[in-house]
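S.K.: Contents of entry.txt (compact mmCIF, C-alpha atoms):
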# COMPACT_ATOMS: atom_id res chain seq x y z
CA MET B 1 0.00 0.00 0.00
CA ALA B 2 1.14 3.58 -0.59
CA TYR B 3 1.47 5.64 2.55
CA ALA B 4 1.99 9.40 2.35
CA ALA B 5 3.18 11.84 4.96
CA VAL B 6 1.47 15.21 5.39
CA ASN B 7 3.95 17.99 4.67
CA LEU B 8 2.68 20.92 6.72
CA ALA B 9 4.63 23.63 4.90
CA GLU B 10 3.29 22.42 1.54
CA LYS B 11 -0.26 22.41 2.84
CA LEU B 12 0.18 25.95 4.15
CA GLU B 13 1.65 27.06 0.84
CA ARG B 14 -1.50 25.87 -0.92
CA LEU B 15 -3.76 27.60 1.63
CA THR B 16 -4.01 31.16 0.38
CA GLU B 17 -6.73 32.39 2.70
CA GLN B 18 -6.00 33.69 6.19
CA TRP B 19 -8.18 32.83 9.22
CA SER B 20 -9.52 29.75 7.46
CA PRO B 21 -8.37 26.55 9.21
CA ARG B 22 -8.10 23.47 6.98
CA VAL B 23 -8.00 19.89 8.18
CA VAL B 24 -4.90 17.92 7.12
CA ALA B 25 -5.27 14.76 9.26
CA GLU B 26 -7.47 13.13 11.86
CA LEU B 27 -6.50 11.29 15.03
CA ASN B 28 -9.53 9.40 16.36
CA ASP B 29 -12.10 12.22 16.76
CA TYR B 30 -9.44 14.95 16.81
CA GLN B 31 -8.29 17.03 13.86
CA PHE B 32 -5.00 18.60 12.84
CA LYS B 33 -5.68 21.89 11.06
CA VAL B 34 -3.26 24.24 9.34
CA VAL B 35 -4.05 27.94 9.47
CA ARG B 36 -2.49 31.27 8.48
CA LEU B 37 -3.29 34.20 10.73
CA GLU B 38 -2.44 37.88 10.51
CA GLY B 39 -3.81 40.70 12.61
CA ASP B 40 -6.32 40.51 15.41
CA PHE B 41 -9.07 38.02 16.12
CA VAL B 42 -12.12 38.14 18.38
CA TRP B 43 -12.26 37.21 22.05
CA HIS B 44 -13.78 33.77 22.41
CA ASP B 45 -13.64 30.56 24.36
CA HIS B 46 -14.39 26.88 23.86
CA PRO B 47 -16.36 25.73 26.90
CA GLU B 48 -16.22 22.07 25.88
CA THR B 49 -12.55 21.57 25.00
CA ASP B 50 -8.91 22.54 25.31
CA GLU B 51 -7.26 23.80 22.10
CA ALA B 52 -3.63 23.28 21.08
CA PHE B 53 -1.56 25.76 19.03
CA LEU B 54 1.78 24.78 17.48
CA VAL B 55 3.57 27.56 15.59
CA LEU B 56 5.46 26.51 12.45
CA GLU B 57 6.50 29.90 11.01
CA GLY B 58 6.26 33.42 12.40
CA GLU B 59 5.08 34.52 15.81
CA LEU B 60 1.71 34.22 17.52
CA ARG B 61 0.57 36.05 20.60
CA ILE B 62 -2.39 34.67 22.51
CA ASP B 63 -3.98 37.27 24.77
CA PHE B 64 -5.85 36.26 27.89
CA ARG B 65 -7.91 38.51 30.15
CA ASP B 66 -5.05 38.42 32.68
CA GLY B 67 -1.93 37.98 30.55
CA ALA B 68 -0.52 36.71 27.28
CA VAL B 69 1.80 34.12 25.80
CA THR B 70 3.98 34.47 22.70
CA LEU B 71 4.88 31.46 20.56
CA GLY B 72 7.64 31.21 17.97
CA PRO B 73 8.39 28.33 15.58
CA GLY B 74 8.44 24.94 17.34
CA GLU B 75 6.53 26.26 20.32
CA LEU B 76 3.32 24.73 21.63
CA PHE B 77 0.60 26.04 23.90
CA VAL B 78 -2.66 24.48 25.05
CA VAL B 79 -5.47 26.91 25.87
CA PRO B 80 -7.59 25.28 28.59
CA ARG B 81 -11.30 24.83 28.00
CA GLY B 82 -13.46 27.79 28.96
CA VAL B 83 -10.57 30.30 29.06
CA GLU B 84 -11.23 33.43 27.00
CA HIS B 85 -8.45 34.10 24.52
CA LYS B 86 -7.68 36.21 21.48
CA PRO B 87 -5.00 35.22 18.95
CA PHE B 88 -2.95 38.04 17.45
CA ALA B 89 -0.15 38.12 14.87
CA GLU B 90 1.59 41.31 13.85
CA LYS B 91 2.91 39.58 10.73
CA GLU B 92 1.55 36.40 9.24
CA VAL B 93 1.96 33.31 11.38
CA ARG B 94 1.58 29.77 10.05
CA MET B 95 0.57 27.13 12.49
CA LEU B 96 -1.09 23.87 13.40
CA LEU B 97 -4.23 23.62 15.52
CA ILE B 98 -5.15 20.39 17.26
CA GLU B 99 -8.66 20.04 18.65
CA PRO B 100 -11.70 17.75 18.54
CA ARG B 101 -13.67 17.53 15.30
CA GLY B 102 -16.47 20.11 15.24
CA VAL B 103 -14.79 22.95 17.13
CA LEU B 104 -15.53 26.36 15.59
CA ASN B 105 -12.76 28.96 15.38
CA THR B 106 -14.83 31.55 17.23
CA GLY B 107 -16.05 29.12 19.90
CA ARG B 108 -19.25 30.32 21.54
CA ALA B 109 -18.64 33.95 20.53
CA GLY B 110 -19.77 33.32 16.93
CA GLY B 111 -20.09 36.30 14.59
CA GLU B 112 -18.77 37.23 11.17
CA ARG B 113 -15.26 35.88 11.80
CA THR B 114 -16.60 32.34 12.12
CA ALA B 115 -14.95 30.15 9.46
CA VAL B 116 -16.60 27.28 7.63
CA ASN B 117 -15.76 24.18 9.61
CA ASP B 118 -14.32 20.82 8.55
CA LEU B 119 -12.79 21.92 5.24
CA TRP B 120 -9.83 19.77 4.18
CA ILE B 121 -6.78 20.71 2.20
CA MET T 122 -1.03 35.29 35.33
CA ALA T 123 2.18 33.96 33.77
CA TYR T 124 1.65 31.82 30.68
CA ALA T 125 4.56 29.85 29.19
CA ALA T 126 4.91 28.23 25.79
CA VAL T 127 6.43 24.76 25.47
CA ASN T 128 9.59 24.94 23.38
CA LEU T 129 9.87 21.49 21.81
CA ALA T 130 13.55 21.75 20.83
CA GLU T 131 14.47 22.75 24.39
CA LYS T 132 12.52 19.86 25.85
CA LEU T 133 14.25 17.45 23.45
CA GLU T 134 17.64 18.91 24.35
CA ARG T 135 16.97 18.08 28.01
CA LEU T 136 15.81 14.56 27.17
CA THR T 137 19.02 12.57 26.96
CA GLU T 138 17.50 9.10 26.73
CA GLN T 139 16.35 7.56 23.44
CA TRP T 140 13.11 5.56 23.12
CA SER T 141 11.71 7.21 26.23
CA PRO T 142 8.72 9.44 25.41
CA ARG T 143 8.14 12.35 27.81
CA VAL T 144 4.91 14.29 28.14
CA VAL T 145 5.19 18.04 27.53
CA ALA T 146 1.51 19.06 27.40
CA GLU T 147 -2.01 17.70 27.64
CA LEU T 148 -5.06 18.45 25.51
CA ASN T 149 -8.16 17.09 27.23
CA ASP T 150 -7.28 13.39 27.67
CA TYR T 151 -4.60 13.47 24.96
CA GLN T 152 -0.88 13.95 25.49
CA PHE T 153 1.90 15.57 23.49
CA LYS T 154 5.12 13.63 24.02
CA VAL T 155 8.62 14.39 22.79
CA VAL T 156 10.85 11.46 21.93
CA ARG T 157 14.29 10.75 20.45
CA LEU T 158 14.60 7.56 18.44
CA GLU T 159 17.54 5.89 16.77
CA GLY T 160 17.69 2.43 15.28
CA ASP T 161 14.95 -0.15 15.10
CA PHE T 162 11.88 -0.71 17.26
CA VAL T 163 9.55 -3.66 17.69
CA TRP T 164 6.47 -4.45 15.62
CA HIS T 165 3.38 -3.42 17.55
CA ASP T 166 -0.07 -1.94 17.23
CA HIS T 167 -2.51 0.03 19.34
CA PRO T 168 -5.90 -1.63 18.96
CA GLU T 169 -7.71 1.14 20.82
CA THR T 170 -6.35 4.29 19.19
CA ASP T 171 -4.74 6.09 16.27
CA GLU T 172 -1.27 7.54 16.93
CA ALA T 173 0.19 10.72 15.42
CA PHE T 174 3.88 11.26 14.61
CA LEU T 175 5.25 14.73 13.82
CA VAL T 176 8.96 14.84 12.97
CA LEU T 177 10.87 17.89 14.21
CA GLU T 178 14.47 16.96 13.35
CA GLY T 179 15.92 14.09 11.35
CA GLU T 180 14.09 11.39 9.45
CA LEU T 181 11.73 8.66 10.59
CA ARG T 182 10.62 5.64 8.63
CA ILE T 183 7.51 3.82 9.74
CA ASP T 184 7.33 0.30 8.36
CA PHE T 185 4.00 -1.43 7.82
CA ARG T 186 3.43 -5.05 6.86
CA ASP T 187 2.62 -3.88 3.33
CA GLY T 188 4.67 -0.71 2.86
CA ALA T 189 6.38 2.18 4.60
CA VAL T 190 6.28 5.96 4.98
CA THR T 191 9.22 8.29 5.52
CA LEU T 192 8.82 11.57 7.43
CA GLY T 193 11.19 14.53 7.45
CA PRO T 194 10.99 17.70 9.57
CA GLY T 195 7.54 19.28 9.50
CA GLU T 196 5.89 16.08 8.30
CA LEU T 197 2.99 14.39 10.03
CA PHE T 198 1.56 10.90 9.82
CA VAL T 199 -1.27 9.25 11.71
CA VAL T 200 -1.03 5.49 12.15
CA PRO T 201 -4.58 4.11 12.26
CA ARG T 202 -5.67 2.03 15.24
CA GLY T 203 -4.92 -1.66 14.97
CA VAL T 204 -2.35 -1.27 12.18
CA GLU T 205 0.94 -3.01 12.92
CA HIS T 206 3.91 -0.69 12.55
CA LYS T 207 7.59 -0.43 13.37
CA PRO T 208 9.39 2.92 13.66
CA PHE T 209 12.97 3.06 12.38
CA ALA T 210 15.56 5.83 12.27
CA GLU T 211 18.97 5.33 10.72
CA LYS T 212 20.24 8.43 12.54
CA GLU T 213 18.58 10.02 15.55
CA VAL T 214 15.18 11.54 14.87
CA ARG T 215 13.49 13.99 17.24
CA MET T 216 9.75 14.12 17.16
CA LEU T 217 6.40 14.72 18.76
CA LEU T 218 3.86 11.99 19.45
CA ILE T 219 0.20 12.81 19.99
CA GLU T 220 -2.04 10.14 21.47
CA PRO T 221 -4.50 9.53 24.31
CA ARG T 222 -3.16 9.43 27.86
CA GLY T 223 -2.20 5.89 28.86
CA VAL T 224 -0.95 4.60 25.50
CA LEU T 225 2.17 2.44 25.84
CA ASN T 226 4.96 2.77 23.27
CA THR T 227 4.90 -0.94 22.50
CA GLY T 228 1.09 -1.17 22.31
CA ARG T 229 -0.14 -4.70 22.92
CA ALA T 230 3.22 -6.22 21.96
CA GLY T 231 4.78 -5.35 25.34
CA GLY T 232 8.28 -6.66 26.10
CA GLU T 233 11.57 -5.17 27.20
CA ARG T 234 11.31 -2.11 24.94
CA THR T 235 8.23 -0.90 26.82
CA ALA T 236 8.98 2.55 28.31
CA VAL T 237 7.68 3.84 31.59
CA ASN T 238 4.51 5.74 30.77
CA ASP T 239 3.33 9.21 31.71
CA LEU T 240 6.72 10.71 32.56
CA TRP T 241 6.85 14.48 32.08
CA ILE T 242 9.75 16.68 31.11
Kindly return the structure encoded in the file as structure tokens.
M.R.:
Amino acid sequence: MAYAAVNLAEKLERLTEQWSPRVVAELNDYQFKVVRLEGDFVWHDHPETDEAFLVLEGELRIDFRDGAVTLGPGELFVVPRGVEHKPFAEKEVRMLLIEPRGVLNTGRAGGERTAVNDLWI
Amino acid sequence: MAYAAVNLAEKLERLTEQWSPRVVAELNDYQFKVVRLEGDFVWHDHPETDEAFLVLEGELRIDFRDGAVTLGPGELFVVPRGVEHKPFAEKEVRMLLIEPRGVLNTGRAGGERTAVNDLWI
């Protein structure tokens, strides 16, 4: 059988749209999603799940109501369930999200920044 | 509050032992584990779960009974549950494993290569 690895940089190169996570692999009922972010997002939380961010290129800041964390390439952070957060990137950041299938990017905040879910690339 | 990112390369630098996965973060009931591999492992499978491999440095080959896949830095592969596999690295590979808490490195094969589980670094 032919087995193929997922090259994350190649997937991100093909993804031209920012703020639009695309699924690249599944692990049981979890999904790996690549995403390109630039600028500011909306405050939101995910009451039902933690959410993992792994930066591949660039720098991501995640703001919390009482602090912030900055991630560079090869750095990982897990936002605990129910904790309000707001991703921010001064320049474009390319990264991997890991979370259960069905999680919306805006969590329970909703609104116009909500991306279509479960798109693959 | 002080929030800290997990720097995967730093964690791997501190992990001197090969074939000994160490937990660096948790996502619900899943764990992110760093591991350094070199040489050959045993054939095994995990009947209860998929298992994700993300190579950070070096090259990993995963052999299957009917083929193989080779991963370089920034490449991801998910081994489906119940599929027999055998990781191999000609030179040391440094990588991230993502799988549910409680998964043993040798799956249901067991034996002397079984690492102590749930150690953090």
S.K.: Need the shell around Val199 in chain T: protein/DNA/RNA residues with any atom at most 12 Å away, counting only C-alpha atoms. Skip same-chain ones fewer than 6 positions apart. Format as a compact mmCIF listing (two decimals) with C-alpha atoms, in the coordinates of the input?
M.R.:
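The file below, out_34.txt, is the result:
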# COMPACT_ATOMS: atom_id res chain seq x y z
CA TYR B 3 1.47 5.64 2.55
CA ALA B 4 1.99 9.40 2.35
CA ALA B 5 3.18 11.84 4.96
CA VAL B 6 1.47 15.21 5.39
CA VAL B 24 -4.90 17.92 7.12
CA ALA B 25 -5.27 14.76 9.26
CA GLU B 26 -7.47 13.13 11.86
CA LEU B 27 -6.50 11.29 15.03
CA ASN B 28 -9.53 9.40 16.36
CA TYR B 30 -9.44 14.95 16.81
CA GLN B 31 -8.29 17.03 13.86
CA PHE B 32 -5.00 18.60 12.84
CA THR T 170 -6.35 4.29 19.19
CA ASP T 171 -4.74 6.09 16.27
CA GLU T 172 -1.27 7.54 16.93
CA ALA T 173 0.19 10.72 15.42
CA PHE T 174 3.88 11.26 14.61
CA LEU T 175 5.25 14.73 13.82
CA VAL T 176 8.96 14.84 12.97
CA ILE T 183 7.51 3.82 9.74
CA VAL T 190 6.28 5.96 4.98
CA LEU T 192 8.82 11.57 7.43
CA HIS T 206 3.91 -0.69 12.55
CA LEU T 217 6.40 14.72 18.76
CA LEU T 218 3.86 11.99 19.45
CA ILE T 219 0.20 12.81 19.99
CA GLU T 220 -2.04 10.14 21.47
S.K.: Mind fitting chain B onto chain T over all Cα atoms in sequence order and sending the result as an mmCIF file with C-alpha atoms, keeping the file's coordinate frame?
M.R.:
data_model
loop_
_atom_site.group_PDB
_atom_site.id
_atom_site.type_symbol
_atom_site.label_atom_id
_atom_site.label_comp_id
_atom_site.auth_asym_id
_atom_site.auth_seq_id
_atom_site.Cartn_x
_atom_site.Cartn_y
_atom_site.Cartn_z
ATOM 1 C CA MET B 1 -1.016 35.284 35.293
ATOM 2 C CA ALA B 2 2.196 33.997 33.717
ATOM 3 C CA TYR B 3 1.673 31.834 30.674
ATOM 4 C CA ALA B 4 4.563 29.870 29.178
ATOM 5 C CA ALA B 5 4.915 28.242 25.800
ATOM 6 C CA VAL B 6 6.430 24.768 25.468
ATOM 7 C CA ASN B 7 9.592 24.960 23.380
ATOM 8 C CA LEU B 8 9.883 21.514 21.818
ATOM 9 C CA ALA B 9 13.550 21.762 20.843
ATOM 10 C CA GLU B 10 14.489 22.762 24.403
ATOM 11 C CA LYS B 11 12.528 19.869 25.845
ATOM 12 C CA LEU B 12 14.256 17.470 23.457
ATOM 13 C CA GLU B 13 17.640 18.917 24.351
ATOM 14 C CA ARG B 14 16.986 18.104 28.005
ATOM 15 C CA LEU B 15 15.813 14.566 27.164
ATOM 16 C CA THR B 16 19.009 12.558 26.948
ATOM 17 C CA GLU B 17 17.498 9.099 26.734
ATOM 18 C CA GLN B 18 16.345 7.576 23.454
ATOM 19 C CA TRP B 19 13.095 5.576 23.127
ATOM 20 C CA SER B 20 11.699 7.216 26.248
ATOM 21 C CA PRO B 21 8.705 9.444 25.415
ATOM 22 C CA ARG B 22 8.117 12.357 27.803
ATOM 23 C CA VAL B 23 4.892 14.291 28.158
ATOM 24 C CA VAL B 24 5.188 18.050 27.527
ATOM 25 C CA ALA B 25 1.494 19.070 27.409
ATOM 26 C CA GLU B 26 -2.014 17.693 27.650
ATOM 27 C CA LEU B 27 -5.051 18.444 25.508
ATOM 28 C CA ASN B 28 -8.169 17.097 27.237
ATOM 29 C CA ASP B 29 -7.282 13.390 27.676
ATOM 30 C CA TYR B 30 -4.601 13.473 24.968
ATOM 31 C CA GLN B 31 -0.881 13.958 25.494
ATOM 32 C CA PHE B 32 1.894 15.582 23.496
ATOM 33 C CA LYS B 33 5.116 13.631 24.012
ATOM 34 C CA VAL B 34 8.616 14.398 22.786
ATOM 35 C CA VAL B 35 10.841 11.454 21.943
ATOM 36 C CA ARG B 36 14.273 10.753 20.449
ATOM 37 C CA LEU B 37 14.579 7.562 18.445
ATOM 38 C CA GLU B 38 17.529 5.883 16.774
ATOM 39 C CA GLY B 39 17.680 2.421 15.282
ATOM 40 C CA ASP B 40 14.940 -0.154 15.095
ATOM 41 C CA PHE B 41 11.900 -0.713 17.266
ATOM 42 C CA VAL B 42 9.558 -3.673 17.689
ATOM 43 C CA TRP B 43 6.477 -4.440 15.622
ATOM 44 C CA HIS B 44 3.392 -3.424 17.553
ATOM 45 C CA ASP B 45 -0.054 -1.956 17.248
ATOM 46 C CA HIS B 46 -2.503 0.040 19.340
ATOM 47 C CA PRO B 47 -5.895 -1.634 18.968
ATOM 48 C CA GLU B 48 -7.714 1.142 20.823
ATOM 49 C CA THR B 49 -6.342 4.297 19.193
ATOM 50 C CA ASP B 50 -4.740 6.087 16.275
ATOM 51 C CA GLU B 51 -1.261 7.529 16.932
ATOM 52 C CA ALA B 52 0.176 10.717 15.430
ATOM 53 C CA PHE B 53 3.872 11.273 14.611
ATOM 54 C CA LEU B 54 5.247 14.737 13.814
ATOM 55 C CA VAL B 55 8.958 14.854 12.967
ATOM 56 C CA LEU B 56 10.871 17.907 14.214
ATOM 57 C CA GLU B 57 14.476 16.963 13.343
ATOM 58 C CA GLY B 58 15.925 14.080 11.352
ATOM 59 C CA GLU B 59 14.092 11.392 9.442
ATOM 60 C CA LEU B 60 11.719 8.668 10.590
ATOM 61 C CA ARG B 61 10.618 5.657 8.625
ATOM 62 C CA ILE B 62 7.496 3.834 9.742
ATOM 63 C CA ASP B 63 7.322 0.305 8.360
ATOM 64 C CA PHE B 64 4.006 -1.416 7.821
ATOM 65 C CA ARG B 65 3.444 -5.048 6.867
ATOM 66 C CA ASP B 66 2.621 -3.885 3.323
ATOM 67 C CA GLY B 67 4.679 -0.718 2.876
ATOM 68 C CA ALA B 68 6.375 2.188 4.600
ATOM 69 C CA VAL B 69 6.275 5.947 4.975
ATOM 70 C CA THR B 70 9.219 8.296 5.525
ATOM 71 C CA LEU B 71 8.816 11.568 7.416
ATOM 72 C CA GLY B 72 11.194 14.524 7.449
ATOM 73 C CA PRO B 73 10.998 17.696 9.563
ATOM 74 C CA GLY B 74 7.523 19.282 9.507
ATOM 75 C CA GLU B 75 5.895 16.099 8.288
ATOM 76 C CA LEU B 76 2.984 14.405 10.024
ATOM 77 C CA PHE B 77 1.560 10.913 9.817
ATOM 78 C CA VAL B 78 -1.284 9.258 11.704
ATOM 79 C CA VAL B 79 -1.016 5.490 12.150
ATOM 80 C CA PRO B 80 -4.577 4.128 12.257
ATOM 81 C CA ARG B 81 -5.658 2.055 15.232
ATOM 82 C CA GLY B 82 -4.913 -1.651 14.976
ATOM 83 C CA VAL B 83 -2.344 -1.286 12.160
ATOM 84 C CA GLU B 84 0.956 -3.025 12.906
ATOM 85 C CA HIS B 85 3.903 -0.679 12.536
ATOM 86 C CA LYS B 86 7.585 -0.445 13.361
ATOM 87 C CA PRO B 87 9.387 2.906 13.660
ATOM 88 C CA PHE B 88 12.952 3.043 12.366
ATOM 89 C CA ALA B 89 15.563 5.813 12.253
ATOM 90 C CA GLU B 90 18.974 5.336 10.710
ATOM 91 C CA LYS B 91 20.226 8.421 12.549
ATOM 92 C CA GLU B 92 18.579 10.017 15.536
ATOM 93 C CA VAL B 93 15.175 11.531 14.885
ATOM 94 C CA ARG B 94 13.480 13.978 17.247
ATOM 95 C CA MET B 95 9.749 14.121 17.166
ATOM 96 C CA LEU B 96 6.387 14.736 18.755
ATOM 97 C CA LEU B 97 3.853 11.998 19.459
ATOM 98 C CA ILE B 98 0.199 12.820 19.995
ATOM 99 C CA GLU B 99 -2.043 10.140 21.467
ATOM 100 C CA PRO B 100 -4.500 9.536 24.313
ATOM 101 C CA ARG B 101 -3.151 9.429 27.862
ATOM 102 C CA GLY B 102 -2.202 5.875 28.844
ATOM 103 C CA VAL B 103 -0.950 4.578 25.495
ATOM 104 C CA LEU B 104 2.180 2.427 25.846
ATOM 105 C CA ASN B 105 4.975 2.758 23.287
ATOM 106 C CA THR B 106 4.912 -0.956 22.499
ATOM 107 C CA GLY B 107 1.111 -1.170 22.327
ATOM 108 C CA ARG B 108 -0.127 -4.708 22.896
ATOM 109 C CA ALA B 109 3.230 -6.249 21.933
ATOM 110 C CA GLY B 110 4.792 -5.391 25.318
ATOM 111 C CA GLY B 111 8.278 -6.703 26.083
ATOM 112 C CA GLU B 112 11.563 -5.208 27.211
ATOM 113 C CA ARG B 113 11.313 -2.141 24.958
ATOM 114 C CA THR B 114 8.241 -0.924 26.833
ATOM 115 C CA ALA B 115 8.978 2.523 28.305
ATOM 116 C CA VAL B 116 7.676 3.839 31.603
ATOM 117 C CA ASN B 117 4.505 5.711 30.783
ATOM 118 C CA ASP B 118 3.324 9.208 31.713
ATOM 119 C CA LEU B 119 6.721 10.703 32.572
ATOM 120 C CA TRP B 120 6.849 14.479 32.094
ATOM 121 C CA ILE B 121 9.741 16.668 31.117
#
S.K.: Identify which of the residues B:Ala89, B:Val23, B:Leu12, B:Val79 lies closest to Asp40 in chain B, counting all atoms listed in the file when measuring atom-to-atom distances.
M.R.: B:Ala89
S.K.: Hey, which of T:Thr191, T:Ser141, T:Asn226, T:Thr235 ends up closest to chain B? Count only C-alpha atoms.
M.R.: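 Answer, going by the shortest atom-to-atom distance: T:Thr191.
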S.K.: To one decimal place in Å, what is the distance between CA of Asn128 in chain T and CA of Asp150 in chain T?
M.R.: 20.9 Å
S.K.: List the spatial neighbours of range 65-67 of chain B as a VMD selection string - criterion: any atom at most 7 Å away, all atoms listed in the file, same-chain residues fewer than 3 positions off excluded.
M.R.: (chain B and resid 84) or (chain T and resid 122 to 123)
S.K.: Determine, counting all atoms listed in the file, which protein, DNA and RNA residues have an atom within 6 Å of an atom of range 211-216 of chain T; residues of the same chain fewer than 6 positions away are not included. Present the result as a PyMOL selection string.
M.R.: chain T and resi 155-160+175-180
S.K.: When you draw a straight line from CA of His46 in chain B to CA of Arg108 in chain B, how long is it in Å?
M.R.: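 Distance reported for this atom pair: 6.4 Å.
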S.K.: For chain B, which of T:Asp166, T:Asp239, T:Glu131, T:Glu233 is the closest residue, counting all atoms listed in the file?
M.R.: T:Glu131
S.K.: Quick one: residues within 8 Å of Val163 in chain T, all atoms listed in the file counted, chain neighbours fewer than 5 positions away excluded, as an mmCIF file with C-alpha atoms, keeping the file's coordinate frame?
M.R.:
data_model
loop_
_atom_site.group_PDB
_atom_site.id
_atom_site.type_symbol
_atom_site.label_atom_id
_atom_site.label_comp_id
_atom_site.auth_asym_id
_atom_site.auth_seq_id
_atom_site.Cartn_x
_atom_site.Cartn_y
_atom_site.Cartn_z
ATOM 1 C CA LYS T 207 7.590 -0.430 13.370
ATOM 2 C CA PRO T 208 9.390 2.920 13.660
ATOM 3 C CA THR T 227 4.900 -0.940 22.500
ATOM 4 C CA ARG T 234 11.310 -2.110 24.940
#
S.K.: Looking at T:Leu181, T:Ala236, T:Leu136, T:Leu197, which one is nearest to chain B, with distances taken over all atoms listed in the file?
M.R.: T:Leu197
S.K.: Pick from B:Lys33, B:Glu75, B:Ala68, B:Ala9: nearest to Leu119 in chain B, with all atoms listed in the file counted?
M.R.: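 Once distances to Leu119 in chain B are computed over all atoms listed in the file, the minimum belongs to B:Lys33.
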S.K.: Mind pulling up the distance from CA of Val237 in chain T to CA of Gly74 in chain B?
M.R.: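 Result for CA of Gly74 in chain B versus CA of Val237 in chain T: 25.5 Å, one decimal.
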S.K.: Which one of B:Gln18, B:Gly107, B:Glu48, B:Gly102 sits closest to chain T if you count all atoms listed in the file?
M.R.: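 Closest to chain T, using all atoms listed in the file: B:Glu48.
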S.K.: Could I get range 6-21 of chain B rebuilt with N, CA and C atoms, written as a JSON list (two decimals), in the frame of the given file?
M.R.:
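out31.json, written as the output of this step:
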[["chain", "number", "residue", "atom", "x", "y", "z"],
["B", 6, "VAL", "N", 2.04, 13.87, 5.60],
["B", 6, "VAL", "CA", 1.47, 15.21, 5.39],
["B", 6, "VAL", "C", 2.58, 16.23, 5.60],
["B", 7, "ASN", "N", 2.94, 16.94, 4.54],
["B", 7, "ASN", "CA", 3.95, 17.99, 4.67],
["B", 7, "ASN", "C", 3.24, 19.31, 5.01],
["B", 8, "LEU", "N", 3.45, 19.77, 6.23],
["B", 8, "LEU", "CA", 2.68, 20.92, 6.72],
["B", 8, "LEU", "C", 2.99, 22.20, 5.97],
["B", 9, "ALA", "N", 4.26, 22.41, 5.64],
["B", 9, "ALA", "CA", 4.63, 23.63, 4.90],
["B", 9, "ALA", "C", 3.98, 23.65, 3.52],
["B", 10, "GLU", "N", 3.94, 22.50, 2.87],
["B", 10, "GLU", "CA", 3.29, 22.42, 1.54],
["B", 10, "GLU", "C", 1.80, 22.71, 1.64],
["B", 11, "LYS", "N", 1.17, 22.15, 2.66],
["B", 11, "LYS", "CA", -0.26, 22.41, 2.84],
["B", 11, "LYS", "C", -0.50, 23.90, 3.05],
["B", 12, "LEU", "N", 0.34, 24.52, 3.86],
["B", 12, "LEU", "CA", 0.18, 25.95, 4.15],
["B", 12, "LEU", "C", 0.46, 26.80, 2.92],
["B", 13, "GLU", "N", 1.35, 26.32, 2.06],
["B", 13, "GLU", "CA", 1.65, 27.06, 0.84],
["B", 13, "GLU", "C", 0.43, 27.08, -0.08],
["B", 14, "ARG", "N", -0.31, 25.98, -0.07],
["B", 14, "ARG", "CA", -1.50, 25.87, -0.92],
["B", 14, "ARG", "C", -2.71, 26.61, -0.34],
["B", 15, "LEU", "N", -2.64, 26.92, 0.96],
["B", 15, "LEU", "CA", -3.76, 27.60, 1.63],
["B", 15, "LEU", "C", -3.54, 29.11, 1.52],
["B", 16, "THR", "N", -4.28, 29.74, 0.64],
["B", 16, "THR", "CA", -4.01, 31.16, 0.38],
["B", 16, "THR", "C", -4.79, 32.08, 1.31],
["B", 17, "GLU", "N", -5.85, 31.56, 1.90],
["B", 17, "GLU", "CA", -6.73, 32.39, 2.70],
["B", 17, "GLU", "C", -6.30, 32.42, 4.17],
["B", 18, "GLN", "N", -6.30, 33.59, 4.76],
["B", 18, "GLN", "CA", -6.00, 33.69, 6.19],
["B", 18, "GLN", "C", -7.27, 33.42, 7.01],
["B", 19, "TRP", "N", -7.07, 33.03, 8.28],
["B", 19, "TRP", "CA", -8.18, 32.83, 9.22],
["B", 19, "TRP", "C", -9.15, 31.74, 8.76],
["B", 20, "SER", "N", -8.66, 30.81, 7.97],
["B", 20, "SER", "CA", -9.52, 29.75, 7.46],
["B", 20, "SER", "C", -8.86, 28.38, 7.69],
["B", 21, "PRO", "N", -9.04, 27.81, 8.87],
["B", 21, "PRO", "CA", -8.37, 26.55, 9.21],
["B", 21, "PRO", "C", -8.79, 25.42, 8.26]]
